[in-house]
$ cat target.cif   # mmCIF, C-alpha atoms and all ligand atoms
data_my_file
loop_
_atom_site.label_atom_id
_atom_site.label_comp_id
_atom_site.auth_asym_id
_atom_site.auth_seq_id
_atom_site.Cartn_x
_atom_site.Cartn_y
_atom_site.Cartn_z
CA MET A 1 12.84 4.85 15.35
CA ALA A 2 10.93 3.30 12.47
CA THR A 3 12.07 4.42 9.04
CA HIS A 4 9.85 4.28 5.98
CA GLN A 5 10.95 4.49 2.37
CA LEU A 6 8.92 6.62 0.02
CA LEU A 7 9.31 7.23 -3.68
CA VAL A 8 7.85 10.55 -4.86
CA LEU A 9 6.92 11.07 -8.50
CA PRO A 10 5.87 14.73 -8.79
CA GLY A 11 5.14 14.53 -12.54
CA ASP A 12 3.75 17.43 -14.55
CA GLY A 13 1.68 20.60 -14.24
CA ILE A 14 0.36 21.05 -10.70
CA GLY A 15 1.76 17.61 -9.76
CA PRO A 16 4.97 19.02 -8.21
CA GLU A 17 3.01 21.79 -6.44
CA VAL A 18 0.53 19.47 -4.71
CA THR A 19 3.02 16.71 -3.88
CA GLU A 20 5.38 19.21 -2.28
CA ALA A 21 2.51 20.45 -0.09
CA ALA A 22 1.49 16.90 0.85
CA MET A 23 5.09 15.94 1.68
CA ARG A 24 5.42 18.86 4.06
CA VAL A 25 2.33 17.72 5.94
CA LEU A 26 3.62 14.16 5.96
CA ASP A 27 6.98 15.29 7.41
CA VAL A 28 5.27 17.10 10.29
CA VAL A 29 3.10 14.08 11.07
CA ALA A 30 6.14 11.78 10.93
CA GLU A 31 7.99 14.02 13.36
CA PHE A 32 5.12 13.83 15.86
CA GLY A 33 4.82 10.08 15.29
CA GLY A 34 8.50 9.58 16.00
CA TRP A 35 9.26 7.90 12.70
CA ALA A 36 11.50 8.91 9.83
CA VAL A 37 10.69 9.04 6.12
CA GLU A 38 13.46 8.47 3.61
CA LYS A 39 12.32 10.04 0.33
CA ASP A 40 13.61 9.47 -3.13
CA GLU A 41 12.33 11.10 -6.30
CA ALA A 42 11.99 9.93 -9.90
CA ASP A 43 10.59 11.07 -13.22
CA ILE A 44 7.32 10.02 -14.79
CA GLY A 45 5.12 11.36 -17.58
CA GLY A 46 6.02 14.44 -19.59
CA ARG A 47 8.99 15.30 -17.44
CA ALA A 48 10.40 11.82 -18.03
CA ILE A 49 9.81 12.14 -21.79
CA ASP A 50 11.81 15.37 -21.74
CA GLN A 51 14.66 13.67 -19.86
CA SER A 52 14.87 10.32 -21.58
CA GLY A 53 12.17 10.03 -24.25
CA ASP A 54 10.35 7.45 -22.11
CA PRO A 55 7.31 8.31 -19.90
CA PHE A 56 8.15 5.36 -17.57
CA PRO A 57 11.96 5.10 -17.62
CA SER A 58 13.93 2.11 -16.33
CA ASP A 59 15.50 4.24 -13.58
CA THR A 60 11.99 4.91 -12.19
CA ARG A 61 11.17 1.21 -12.42
CA ARG A 62 14.29 0.31 -10.45
CA LYS A 63 13.38 2.80 -7.73
CA ILE A 64 9.84 1.42 -7.56
CA ASP A 65 11.28 -2.06 -6.99
CA LYS A 66 12.95 -0.78 -3.84
CA ALA A 67 10.14 1.50 -2.59
CA GLU A 68 7.70 0.67 0.21
CA ALA A 69 5.18 3.13 -1.22
CA VAL A 70 4.87 5.51 -4.15
CA MET A 71 3.29 8.96 -4.16
CA LEU A 72 2.31 10.48 -7.50
CA GLY A 73 1.35 14.06 -8.40
CA ALA A 74 -0.11 14.02 -11.90
CA VAL A 75 1.04 13.52 -15.48
CA GLY A 76 0.22 15.08 -18.82
CA GLY A 77 -0.21 18.43 -20.47
CA PRO A 78 -0.77 20.07 -23.85
CA ARG A 79 2.98 20.21 -24.51
CA TRP A 80 3.08 16.42 -25.01
CA ASP A 81 -0.34 15.90 -26.59
CA GLN A 82 1.18 15.37 -30.05
CA ALA A 83 4.26 13.49 -28.84
CA PRO A 84 4.74 9.93 -30.17
CA LYS A 85 4.66 8.68 -26.57
CA ARG A 86 2.16 10.31 -24.22
CA PRO A 87 2.81 11.04 -20.52
CA GLU A 88 -0.36 9.15 -19.58
CA ALA A 89 1.14 5.96 -21.05
CA GLY A 90 3.79 6.18 -18.32
CA LEU A 91 1.18 6.20 -15.57
CA LEU A 92 -0.71 3.27 -17.09
CA ALA A 93 2.52 1.30 -17.53
CA MET A 94 3.42 1.96 -13.90
CA ARG A 95 0.04 0.79 -12.58
CA GLN A 96 0.41 -2.38 -14.62
CA TYR A 97 4.08 -2.86 -13.65
CA MET A 98 3.16 -2.57 -9.96
CA GLY A 99 0.16 -4.89 -10.44
CA LEU A 100 -2.22 -2.41 -8.82
CA TRP A 101 -5.64 -3.66 -9.83
CA ALA A 102 -7.77 -1.77 -7.30
CA ASN A 103 -8.18 2.00 -7.24
CA LEU A 104 -10.07 3.25 -4.16
CA ARG A 105 -11.51 6.73 -4.60
CA PRO A 106 -13.44 8.06 -1.57
CA PHE A 107 -15.58 11.20 -1.80
CA ARG A 108 -17.48 13.29 0.70
CA VAL A 109 -19.00 16.73 1.03
CA PHE A 110 -16.81 18.35 3.68
CA PRO A 111 -18.57 20.23 6.47
CA GLY A 112 -18.37 23.92 5.60
CA LEU A 113 -18.29 23.28 1.84
CA GLU A 114 -21.95 22.29 1.41
CA HIS A 115 -22.63 25.43 -0.63
CA LEU A 116 -20.21 24.23 -3.31
CA SER A 117 -22.11 21.03 -3.95
CA PRO A 118 -24.82 21.09 -6.61
CA LEU A 119 -26.85 18.79 -4.37
CA LYS A 120 -30.04 19.88 -2.65
CA ASN A 121 -29.17 17.73 0.34
CA ALA A 122 -25.41 18.11 0.38
CA ALA A 123 -24.56 15.09 2.49
CA ALA A 124 -23.00 12.72 0.00
CA SER A 125 -20.14 10.44 0.90
CA GLY A 126 -19.00 7.18 -0.57
CA ILE A 127 -16.19 5.35 -2.27
CA VAL A 128 -15.58 4.16 -5.81
CA PHE A 129 -13.74 0.85 -6.23
CA ARG A 130 -12.36 1.20 -9.73
CA GLU A 131 -10.77 -1.79 -11.48
CA LEU A 132 -7.40 -0.43 -12.62
CA THR A 133 -5.44 -2.79 -14.85
CA GLY A 134 -7.99 -4.17 -17.30
CA GLY A 135 -10.73 -3.13 -19.68
CA LEU A 136 -10.39 -0.72 -22.57
CA TYR A 137 -7.22 0.79 -21.14
CA PHE A 138 -5.09 -2.29 -21.72
CA GLY A 139 -6.97 -4.64 -24.10
CA GLU A 140 -5.33 -5.86 -27.31
CA PRO A 141 -5.64 -5.44 -30.22
CA ARG A 142 -5.69 -1.70 -30.29
CA GLY A 143 -4.63 0.91 -32.80
CA ARG A 144 -5.21 2.23 -36.30
CA ARG A 145 -5.51 0.25 -39.50
CA PHE A 146 -5.34 2.11 -42.77
CA LEU A 147 -7.91 0.95 -45.29
CA PRO A 148 -8.34 2.11 -48.89
CA GLY A 149 -9.90 5.55 -48.46
CA ASP A 150 -10.67 5.02 -44.78
CA LEU A 151 -9.22 4.40 -41.35
CA GLU A 152 -10.28 1.72 -38.92
CA VAL A 153 -9.56 2.19 -35.25
CA VAL A 154 -9.82 -0.46 -32.55
CA ASP A 155 -9.82 -0.52 -28.74
CA THR A 156 -10.50 -3.78 -26.95
CA LEU A 157 -12.42 -4.25 -23.71
CA ARG A 158 -10.90 -7.37 -22.18
CA TYR A 159 -11.28 -8.91 -18.75
CA ARG A 160 -10.60 -12.26 -17.19
CA GLN A 161 -13.24 -13.51 -14.80
CA SER A 162 -10.56 -13.69 -12.08
CA GLU A 163 -9.75 -10.00 -12.57
CA ILE A 164 -13.42 -9.12 -12.21
CA ARG A 165 -13.82 -11.33 -9.16
CA ARG A 166 -10.94 -9.90 -7.12
CA ILE A 167 -12.07 -6.27 -7.37
CA ILE A 168 -15.73 -7.03 -6.66
CA GLU A 169 -14.72 -9.23 -3.74
CA LEU A 170 -12.56 -6.42 -2.31
CA ALA A 171 -15.51 -4.02 -2.56
CA PHE A 172 -17.81 -6.58 -0.88
CA GLN A 173 -15.32 -7.00 1.98
CA TYR A 174 -15.08 -3.24 2.45
CA ALA A 175 -18.88 -2.88 2.41
CA ARG A 176 -19.27 -5.70 4.93
CA ASP A 177 -16.55 -4.39 7.26
CA ASN A 178 -18.08 -0.90 7.24
CA HIS A 179 -21.77 -1.95 7.19
CA LEU A 180 -22.44 -0.28 3.85
CA THR A 181 -24.42 -1.13 0.74
CA LEU A 182 -22.73 -2.07 -2.52
CA THR A 183 -23.70 -0.89 -6.00
CA SER A 184 -22.15 -2.69 -8.94
CA VAL A 185 -22.11 -0.47 -12.02
CA ASP A 186 -21.98 -1.97 -15.50
CA LYS A 187 -23.47 -1.85 -18.99
CA ALA A 188 -24.85 -5.38 -18.99
CA ASN A 189 -27.62 -4.41 -21.42
CA VAL A 190 -24.93 -4.03 -24.12
CA LEU A 191 -21.53 -5.42 -23.16
CA GLU A 192 -20.58 -9.07 -22.75
CA SER A 193 -17.88 -8.12 -20.23
CA SER A 194 -20.57 -6.41 -18.15
CA ARG A 195 -22.75 -9.54 -18.25
CA VAL A 196 -19.93 -11.56 -16.77
CA TRP A 197 -19.32 -8.70 -14.30
CA ARG A 198 -22.94 -9.00 -13.14
CA GLU A 199 -22.79 -12.80 -12.93
CA VAL A 200 -19.66 -12.60 -10.78
CA ALA A 201 -21.24 -9.97 -8.51
CA ASN A 202 -24.34 -12.15 -8.04
CA GLU A 203 -22.22 -15.21 -7.34
CA LEU A 204 -20.15 -13.33 -4.73
CA ALA A 205 -23.33 -11.98 -3.15
CA GLN A 206 -23.94 -15.54 -1.86
CA GLN A 207 -20.76 -15.22 0.23
CA PHE A 208 -21.80 -11.78 1.53
CA PRO A 209 -25.48 -12.20 2.41
CA ASP A 210 -25.23 -9.28 4.87
CA VAL A 211 -24.20 -6.78 2.16
CA PRO A 212 -27.15 -5.34 0.21
CA LEU A 213 -26.18 -5.47 -3.49
CA THR A 214 -27.75 -3.37 -6.27
CA HIS A 215 -26.89 -3.41 -9.97
CA ARG A 216 -27.04 -0.23 -12.00
CA TYR A 217 -26.34 0.55 -15.63
CA VAL A 218 -23.59 3.15 -15.84
CA ASP A 219 -25.71 5.74 -17.64
CA ALA A 220 -28.48 5.55 -15.05
CA ALA A 221 -25.92 5.52 -12.24
CA ALA A 222 -24.44 8.79 -13.51
CA MET A 223 -27.88 10.41 -13.42
CA GLU A 224 -28.79 8.98 -10.04
CA LEU A 225 -25.44 9.93 -8.48
CA VAL A 226 -26.31 13.55 -9.22
CA LEU A 227 -29.93 13.37 -8.06
CA ASN A 228 -29.75 10.86 -5.18
CA PRO A 229 -26.12 10.32 -4.20
CA GLU A 230 -27.15 9.08 -0.75
CA ARG A 231 -28.20 5.83 -2.45
CA TYR A 232 -24.53 5.20 -3.26
CA GLN A 233 -22.16 4.08 -0.54
CA VAL A 234 -19.70 1.63 -2.08
CA ILE A 235 -19.56 1.58 -5.89
CA VAL A 236 -17.62 -1.10 -7.76
CA THR A 237 -17.04 -0.78 -11.46
CA GLU A 238 -14.67 -1.42 -14.34
CA ASN A 239 -11.76 0.81 -15.30
CA LEU A 240 -13.25 3.39 -17.66
CA PHE A 241 -16.62 3.68 -15.90
CA GLY A 242 -14.73 4.20 -12.63
CA ASP A 243 -12.56 6.91 -14.17
CA ILE A 244 -15.61 8.82 -15.35
CA LEU A 245 -17.80 8.34 -12.28
CA SER A 246 -15.03 9.32 -9.86
CA ASP A 247 -14.57 12.67 -11.61
CA LEU A 248 -18.35 13.05 -11.32
CA THR A 249 -18.04 12.61 -7.56
CA GLY A 250 -15.45 15.42 -7.67
CA GLY A 251 -18.18 17.61 -9.08
CA LEU A 252 -20.59 16.40 -6.38
CA VAL A 253 -18.29 17.47 -3.57
CA GLY A 254 -17.45 20.84 -5.13
CA SER A 255 -13.97 20.33 -6.63
CA LEU A 256 -11.89 17.62 -8.23
CA GLY A 257 -9.04 18.95 -6.10
CA LEU A 258 -10.66 17.43 -2.98
CA LEU A 259 -10.28 13.77 -3.97
CA GLY A 260 -7.41 11.49 -3.08
CA SER A 261 -6.99 7.84 -4.02
CA SER A 262 -5.15 4.61 -3.30
CA SER A 263 -4.07 2.22 -6.05
CA VAL A 264 -3.40 -1.10 -4.41
CA ALA A 265 -3.24 -4.84 -4.91
CA GLY A 266 -5.71 -5.96 -2.32
CA THR A 267 -4.02 -6.31 1.03
CA PRO A 268 -3.24 -3.51 3.50
CA GLY A 269 0.38 -3.38 4.55
CA THR A 270 1.55 -3.83 0.97
CA ARG A 271 3.10 -1.38 -1.46
CA GLY A 272 0.71 0.94 -3.23
CA LEU A 273 0.57 3.99 -5.44
CA PHE A 274 -1.20 6.99 -3.95
CA GLU A 275 -2.44 9.68 -6.28
CA PRO A 276 -4.97 12.49 -6.31
CA VAL A 277 -7.89 11.81 -8.66
CA HIS A 278 -7.30 15.02 -10.61
CA GLY A 279 -4.82 15.59 -13.43
CA SER A 280 -2.06 18.08 -14.10
CA ALA A 281 -4.53 21.00 -14.42
CA PRO A 282 -2.57 22.89 -17.12
CA ASP A 283 -4.98 25.84 -16.81
CA ILE A 284 -3.70 26.68 -13.31
CA ALA A 285 -0.23 25.08 -13.29
CA GLY A 286 2.61 27.30 -12.07
CA LYS A 287 0.28 29.82 -10.45
CA GLY A 288 0.61 28.46 -6.92
CA ILE A 289 -3.16 28.16 -6.48
CA ALA A 290 -3.79 24.40 -6.87
CA ASN A 291 -5.80 22.77 -4.12
CA PRO A 292 -3.44 20.24 -2.46
CA THR A 293 -6.24 18.45 -0.53
CA GLY A 294 -6.37 15.45 -2.90
CA ALA A 295 -2.61 14.97 -2.62
CA MET A 296 -2.67 15.38 1.18
CA LEU A 297 -5.47 12.84 1.53
CA SER A 298 -3.58 10.46 -0.77
CA ALA A 299 -0.56 10.80 1.52
CA ALA A 300 -2.85 10.02 4.47
CA TYR A 301 -4.16 6.88 2.73
CA LEU A 302 -0.55 5.89 2.00
CA ILE A 303 0.43 6.11 5.65
CA GLY A 304 -2.57 4.03 6.67
CA TRP A 305 -2.29 1.42 3.94
CA SER A 306 1.39 0.87 3.23
CA TRP A 307 2.84 1.77 6.63
CA SER A 308 -0.05 0.58 8.84
CA GLN A 309 -0.20 3.85 10.81
CA PRO A 310 -3.95 4.56 11.07
CA GLU A 311 -3.53 7.25 13.75
CA ALA A 312 -1.22 9.30 11.57
CA GLN A 313 -3.63 8.84 8.67
CA HIS A 314 -6.51 10.18 10.75
CA LEU A 315 -4.42 13.07 12.00
CA ILE A 316 -3.95 14.31 8.43
CA GLU A 317 -7.59 13.67 7.53
CA GLU A 318 -8.75 15.60 10.58
CA ALA A 319 -6.40 18.54 9.98
CA VAL A 320 -7.50 18.74 6.34
CA ALA A 321 -11.21 18.58 7.26
CA GLU A 322 -10.78 21.32 9.89
CA SER A 323 -8.87 23.50 7.43
CA LEU A 324 -11.59 23.08 4.82
CA ALA A 325 -14.27 23.92 7.38
CA GLU A 326 -12.51 27.09 8.57
CA GLY A 327 -10.61 28.22 5.47
CA PRO A 328 -8.84 29.95 3.91
CA HIS A 329 -9.85 28.33 0.62
CA THR A 330 -8.08 28.00 -2.71
CA PRO A 331 -9.85 29.49 -5.78
CA ASP A 332 -11.48 26.19 -6.84
CA LEU A 333 -13.43 26.43 -3.55
CA GLY A 334 -14.32 30.08 -4.10
CA GLY A 335 -11.47 31.54 -2.02
CA THR A 336 -8.31 33.47 -2.80
CA ALA A 337 -5.76 31.48 -0.78
CA SER A 338 -2.62 30.10 -2.38
CA THR A 339 -1.48 26.49 -2.15
CA GLU A 340 1.15 27.74 0.31
CA GLU A 341 -1.37 29.48 2.59
CA PHE A 342 -3.65 26.46 2.70
CA THR A 343 -0.69 24.15 3.36
CA GLN A 344 0.48 26.29 6.27
CA THR A 345 -3.05 26.18 7.69
CA VAL A 346 -3.11 22.38 7.53
CA ILE A 347 0.33 22.11 9.15
CA GLN A 348 -0.73 24.48 11.93
CA ARG A 349 -3.87 22.41 12.49
CA VAL A 350 -1.86 19.20 12.72
CA LYS A 351 0.18 20.87 15.45
CA ASN A 352 -2.96 22.13 17.23
CA ILE A 353 -4.61 18.71 17.18
CA VAL A 354 -1.51 17.06 18.65
CA GLN A 355 -1.36 19.77 21.32
CA ARG A 356 -5.07 19.32 22.16
CA ARG A 357 -4.55 15.58 22.55
CA LYS A 358 -1.63 16.09 24.89
CA ILE A 359 -3.74 18.31 27.13
CA SER A 360 -6.89 16.20 27.20
P1 LIG A 401 -7.61 17.93 -14.69
O1 LIG A 401 -8.05 17.06 -13.58
O2 LIG A 401 -6.16 18.21 -14.79
O3 LIG A 401 -8.38 19.33 -14.58
C1 LIG A 401 -9.79 19.45 -14.71
C2 LIG A 401 -10.25 20.78 -14.08
O4 LIG A 401 -10.16 20.67 -12.65
C3 LIG A 401 -9.38 21.97 -14.47
O5 LIG A 401 -10.18 23.11 -14.61
C4 LIG A 401 -8.44 22.11 -13.30
O6 LIG A 401 -7.96 23.42 -13.10
C5 LIG A 401 -9.31 21.65 -12.14
N1 LIG A 401 -8.48 21.05 -11.09
C6 LIG A 401 -7.96 19.80 -11.10
N2 LIG A 401 -7.23 19.59 -10.01
C7 LIG A 401 -7.28 20.71 -9.28
C8 LIG A 401 -6.72 21.09 -8.03
N3 LIG A 401 -5.94 20.28 -7.32
N4 LIG A 401 -6.98 22.35 -7.58
C9 LIG A 401 -7.76 23.19 -8.28
N5 LIG A 401 -8.32 22.87 -9.45
C10 LIG A 401 -8.08 21.64 -9.96
O7 LIG A 401 -8.15 17.28 -16.04
P2 LIG A 401 -7.85 17.67 -17.58
O8 LIG A 401 -7.71 19.14 -17.72
O9 LIG A 401 -8.88 16.95 -18.35
O10 LIG A 401 -6.46 16.98 -17.90
C11 LIG A 401 -5.21 17.67 -17.88
C12 LIG A 401 -4.09 16.64 -18.07
O11 LIG A 401 -3.99 15.81 -16.90
C13 LIG A 401 -4.30 15.69 -19.24
O12 LIG A 401 -3.07 15.49 -19.86
C14 LIG A 401 -4.80 14.41 -18.59
O13 LIG A 401 -4.52 13.26 -19.33
C15 LIG A 401 -4.02 14.44 -17.31
N6 LIG A 401 -4.59 13.67 -16.20
C16 LIG A 401 -3.70 13.03 -15.39
C17 LIG A 401 -4.16 12.35 -14.27
C18 LIG A 401 -3.16 11.67 -13.39
O14 LIG A 401 -1.97 11.89 -13.54
N7 LIG A 401 -3.57 10.86 -12.44
C19 LIG A 401 -5.51 12.35 -13.96
C20 LIG A 401 -6.40 13.03 -14.80
C21 LIG A 401 -5.93 13.69 -15.92
C1 LIG A 402 -6.95 9.14 -13.66
C2 LIG A 402 -6.54 9.65 -15.02
C3 LIG A 402 -5.82 8.56 -15.77
C4 LIG A 402 -6.81 7.41 -16.00
C5 LIG A 402 -5.20 8.97 -17.13
C6 LIG A 402 -4.31 10.17 -16.99
C7 LIG A 402 -4.44 7.84 -17.75
O1 LIG A 402 -7.63 10.16 -15.71
O2 LIG A 402 -6.08 8.69 -12.90
O3 LIG A 402 -8.14 9.22 -13.34
O4 LIG A 402 -7.65 7.48 -16.89
O5 LIG A 402 -6.74 6.45 -15.23
MN MN A 403 -9.43 10.33 -14.47
#

$ encode --input "target.cif" --output "structure tokens" --more "lines below"
Ligand code: NAD
Ligand code: IPM
Ligand code: MN
Amino acid sequence: MATHQLLVLPGDGIGPEVTEAAMRVLDVVAEFGGWAVEKDEADIGGRAIDQSGDPFPSDTRRKIDKAEAVMLGAVGGPRWDQAPKRPEAGLLAMRQYMGLWANLRPFRVFPGLEHLSPLKNAAASGIVFRELTGGLYFGEPRGRRFLPGDLEVVDTLRYRQSEIRRIIELAFQYARDNHLTLTSVDKANVLESSRVWREVANELAQQFPDVPLTHRYVDAAAMELVLNPERYQVIVTENLFGDILSDLTGGLVGSLGLLGSSSVAGTPGTRGLFEPVHGSAPDIAGKGIANPTGAMLSAAYLIGWSWSQPEAQHLIEEAVAESLAEGPHTPDLGGTASTEEFTQTVIQRVKNIVQRRKIS
């Protein structure tokens, strides 16, 4: 029996609630697949600050070194907003430590949830390839400089050409393999980094003549994603633009709670970090009503990517899609179901799908 190692970082707010739900689904799928999952847990974010003063403690780092894959809930919350070290710094440090430069964030309007989308023609689906370890998030210098009677504050948008090339190339490969169009989103009318981004995209387009490439400025892309999302299939963009636009796609599909993501370093079969797109949702934390779909889908992506088990991945995706089509729904989707009720529904549907397959 194959055994997989998994490190779970529940984090803060609804993080523990949604990861617990996703892990229960994963356990059922593993049982049917005939493989075992050995789970370990570690602290990150606010919870880690409370334990050790460090949002990314060395104990967590050591466990990551040994893990085949890492599943994250969410970090952050108002309790730590004024703390000298923020929970979010732990997540950023972890992405950098693990060298995960590509964040894949798929979105789609699920059948049965069309009424929740603000779109007239609610048929959007696509994927954001977000660069994850460069740009304004990590550039130096950064910080505050006290001037006589004033304060200067600096953030730096820094990229190497090689960092730009690898993420755009990954998006091109995905678009080619899936016969999709690629939109590169930048701010080349203002930013030097975006001009190089555009040059690199154009240069790579020579190697991918079968992939239609469009450039869009980020402001126009935001508008067009709302009005004509069907024009967007694969989007590739830098770190901050990708953060913003992927939350926008959460709005497009009806709830941020529906989006999962993979943070990876290029090649399937390697270690990755799998995390819902949403945050710790302090407004609903502890109430047992968080939508665990994003976490469940992240677990599905994990199984497919890090453990090369595409059938098990699809089993979760199918069970989640059926559950969303039939309900019951959590409050973010207009329902009254708890996280627990929705999770039980998904688990039951996993069992039903396996049963159906046995019969047919
Ligand atoms: P958020 O994503 O936590 O919440 C935004 C809104 O979406 C809230 O109204 C929330 O209730 C709702 N929502 C989010 N996920 C949901 C789910 N699964 N089910 C139902 N509703 C859901 O964003 P925020 O409020 O801006 O940030 C809260 C904290 O989370 C901040 O500290 C922020 O830095 C952090 N954050 C962490 C991550 C991460 O760990 N990956 C991502 C985003 C934000
Ligand atoms: C996300 C979050 C993080 C980011 C924060 C919490 C650092 O918003 O994963 O989308 O900006 O990358
Ligand atoms: Mn975000």

$ closest_residue --input "target.cif" --among "A:Asp177, A:Glu311, A:Asp12, A:Asp247" --to "Glu88 (chain A)" --atoms "all atoms listed in the file"
A:Asp12

$ atom_distance --input "target.cif" --atom1 "CA of Glu318 (chain A)" --atom2 "CA of Ala299 (chain A)"
13.1 Å

$ residues_around --input "target.cif" --residues "region 260-274 of chain A" --least-positions-apart "3" --cutoff "6 Å" --atoms "all atoms listed in the file" --output "mmCIF file with C-alpha atoms, keeping the file's coordinate frame"
data_model
loop_
_atom_site.group_PDB
_atom_site.id
_atom_site.type_symbol
_atom_site.label_atom_id
_atom_site.label_comp_id
_atom_site.auth_asym_id
_atom_site.auth_seq_id
_atom_site.Cartn_x
_atom_site.Cartn_y
_atom_site.Cartn_z
ATOM 1 C CA GLU A 68 7.700 0.670 0.210
ATOM 2 C CA ALA A 69 5.180 3.130 -1.220
ATOM 3 C CA VAL A 70 4.870 5.510 -4.150
ATOM 4 C CA MET A 71 3.290 8.960 -4.160
ATOM 5 C CA LEU A 100 -2.220 -2.410 -8.820
ATOM 6 C CA TRP A 101 -5.640 -3.660 -9.830
ATOM 7 C CA ALA A 102 -7.770 -1.770 -7.300
ATOM 8 C CA ASN A 103 -8.180 2.000 -7.240
ATOM 9 C CA LEU A 104 -10.070 3.250 -4.160
ATOM 10 C CA ARG A 105 -11.510 6.730 -4.600
ATOM 11 C CA VAL A 277 -7.890 11.810 -8.660
ATOM 12 C CA GLY A 294 -6.370 15.450 -2.900
ATOM 13 C CA ALA A 295 -2.610 14.970 -2.620
ATOM 14 C CA LEU A 297 -5.470 12.840 1.530
ATOM 15 C CA SER A 298 -3.580 10.460 -0.770
ATOM 16 C CA TRP A 305 -2.290 1.420 3.940
ATOM 17 C CA SER A 306 1.390 0.870 3.230
ATOM 18 C CA SER A 308 -0.050 0.580 8.840
#

$ residues_near_ligand --input "target.cif" --ligand "ligand LIG 402 (chain A)" --cutoff "10 Å" --atoms "only C-alpha atoms and all ligand atoms" --output "CSV table (one decimal) with C-alpha atoms, keeping the file's coordinate frame"
chain,number,residue,atom,x,y,z
A,45,GLY,CA,5.1,11.4,-17.6
A,74,ALA,CA,-0.1,14.0,-11.9
A,75,VAL,CA,1.0,13.5,-15.5
A,76,GLY,CA,0.2,15.1,-18.8
A,77,GLY,CA,-0.2,18.4,-20.5
A,86,ARG,CA,2.2,10.3,-24.2
A,87,PRO,CA,2.8,11.0,-20.5
A,88,GLU,CA,-0.4,9.2,-19.6
A,89,ALA,CA,1.1,6.0,-21.0
A,90,GLY,CA,3.8,6.2,-18.3
A,91,LEU,CA,1.2,6.2,-15.6
A,92,LEU,CA,-0.7,3.3,-17.1
A,93,ALA,CA,2.5,1.3,-17.5
A,95,ARG,CA,0.0,0.8,-12.6
A,103,ASN,CA,-8.2,2.0,-7.2
A,105,ARG,CA,-11.5,6.7,-4.6
A,130,ARG,CA,-12.4,1.2,-9.7
A,131,GLU,CA,-10.8,-1.8,-11.5
A,132,LEU,CA,-7.4,-0.4,-12.6
A,133,THR,CA,-5.4,-2.8,-14.8
A,137,TYR,CA,-7.2,0.8,-21.1
A,239,ASN,CA,-11.8,0.8,-15.3
A,240,LEU,CA,-13.2,3.4,-17.7
A,241,PHE,CA,-16.6,3.7,-15.9
A,242,GLY,CA,-14.7,4.2,-12.6
A,243,ASP,CA,-12.6,6.9,-14.2
A,244,ILE,CA,-15.6,8.8,-15.4
A,245,LEU,CA,-17.8,8.3,-12.3
A,246,SER,CA,-15.0,9.3,-9.9
A,247,ASP,CA,-14.6,12.7,-11.6
A,261,SER,CA,-7.0,7.8,-4.0
A,263,SER,CA,-4.1,2.2,-6.0
A,275,GLU,CA,-2.4,9.7,-6.3
A,276,PRO,CA,-5.0,12.5,-6.3
A,277,VAL,CA,-7.9,11.8,-8.7
A,278,HIS,CA,-7.3,15.0,-10.6
A,279,GLY,CA,-4.8,15.6,-13.4
A,280,SER,CA,-2.1,18.1,-14.1

$ axis_aligned_box --input "target.cif" --around "ligand LIG 401 (chain A)" --padding-each-side "4 Å" --output "JSON"
{"center_x": -6.1, "center_y": 17.1, "center_z": -13.6, "size_x": 16.3, "size_y": 20.6, "size_z": 20.5}

$ closest_atom_pairs --input "target.cif" --of "region 192-248 of chain A" --to "region 108-128 of chain A" --cutoff "6 Å" --atoms "all atoms listed in the file" --output "Markdown table"
| residue | atom | partner | partner_atom | distance |
| --- | --- | --- | --- | --- |
| A:Pro229 | CA | A:Ala124 | CA | 5.8 |
| A:Glu230 | CA | A:Ala124 | CA | 5.6 |
| A:Gln233 | CA | A:Gly126 | CA | 4.4 |
| A:Val234 | CA | A:Ile127 | CA | 5.1 |
| A:Ile235 | CA | A:Val128 | CA | 4.7 |
| A:Val236 | CA | A:Val128 | CA | 6.0 |

$ atom_distance --input "target.cif" --atom1 "CA of Ile44 (chain A)" --atom2 "CA of Ala171 (chain A)"
29.5 Å

$ closest_residue --input "target.cif" --among "A:Thr293, A:Thr345, A:Asn178, A:Asn352" --to "Glu20 (chain A)" --atoms "all atoms listed in the file"
A:Thr293

$ closest_residue --input "target.cif" --among "A:Leu302, A:Leu248, A:Ala312, A:Val253" --to "ligand MN 403 (chain A)" --atoms "all atoms listed in the file"
A:Leu248

$ closest_residue --input "target.cif" --among "A:Gly13, A:Val154, A:His215, A:Ala220" --to "Asp283 (chain A)" --atoms "only C-alpha atoms"
A:Gly13

$ atom_distance --input "target.cif" --atom1 "CA of Ile14 (chain A)" --atom2 "CA of Gly286 (chain A)"
6.8 Å

$ residues_near_point --input "target.cif" --point "(-23.9, -5.2, -16.0)" --cutoff "7 Å" --atoms "all atoms listed in the file" --output "PyMOL selection string"
chain A and resi 185-189+194-195+197-198+215+217

$ residues_around --input "target.cif" --residues "region 334-340 of chain A" --least-positions-apart "2" --cutoff "10 Å" --atoms "all atoms listed in the file" --output "ChimeraX atom specification"
/A:17-18,20-21,113,116,254,287-293,327-332,342-346
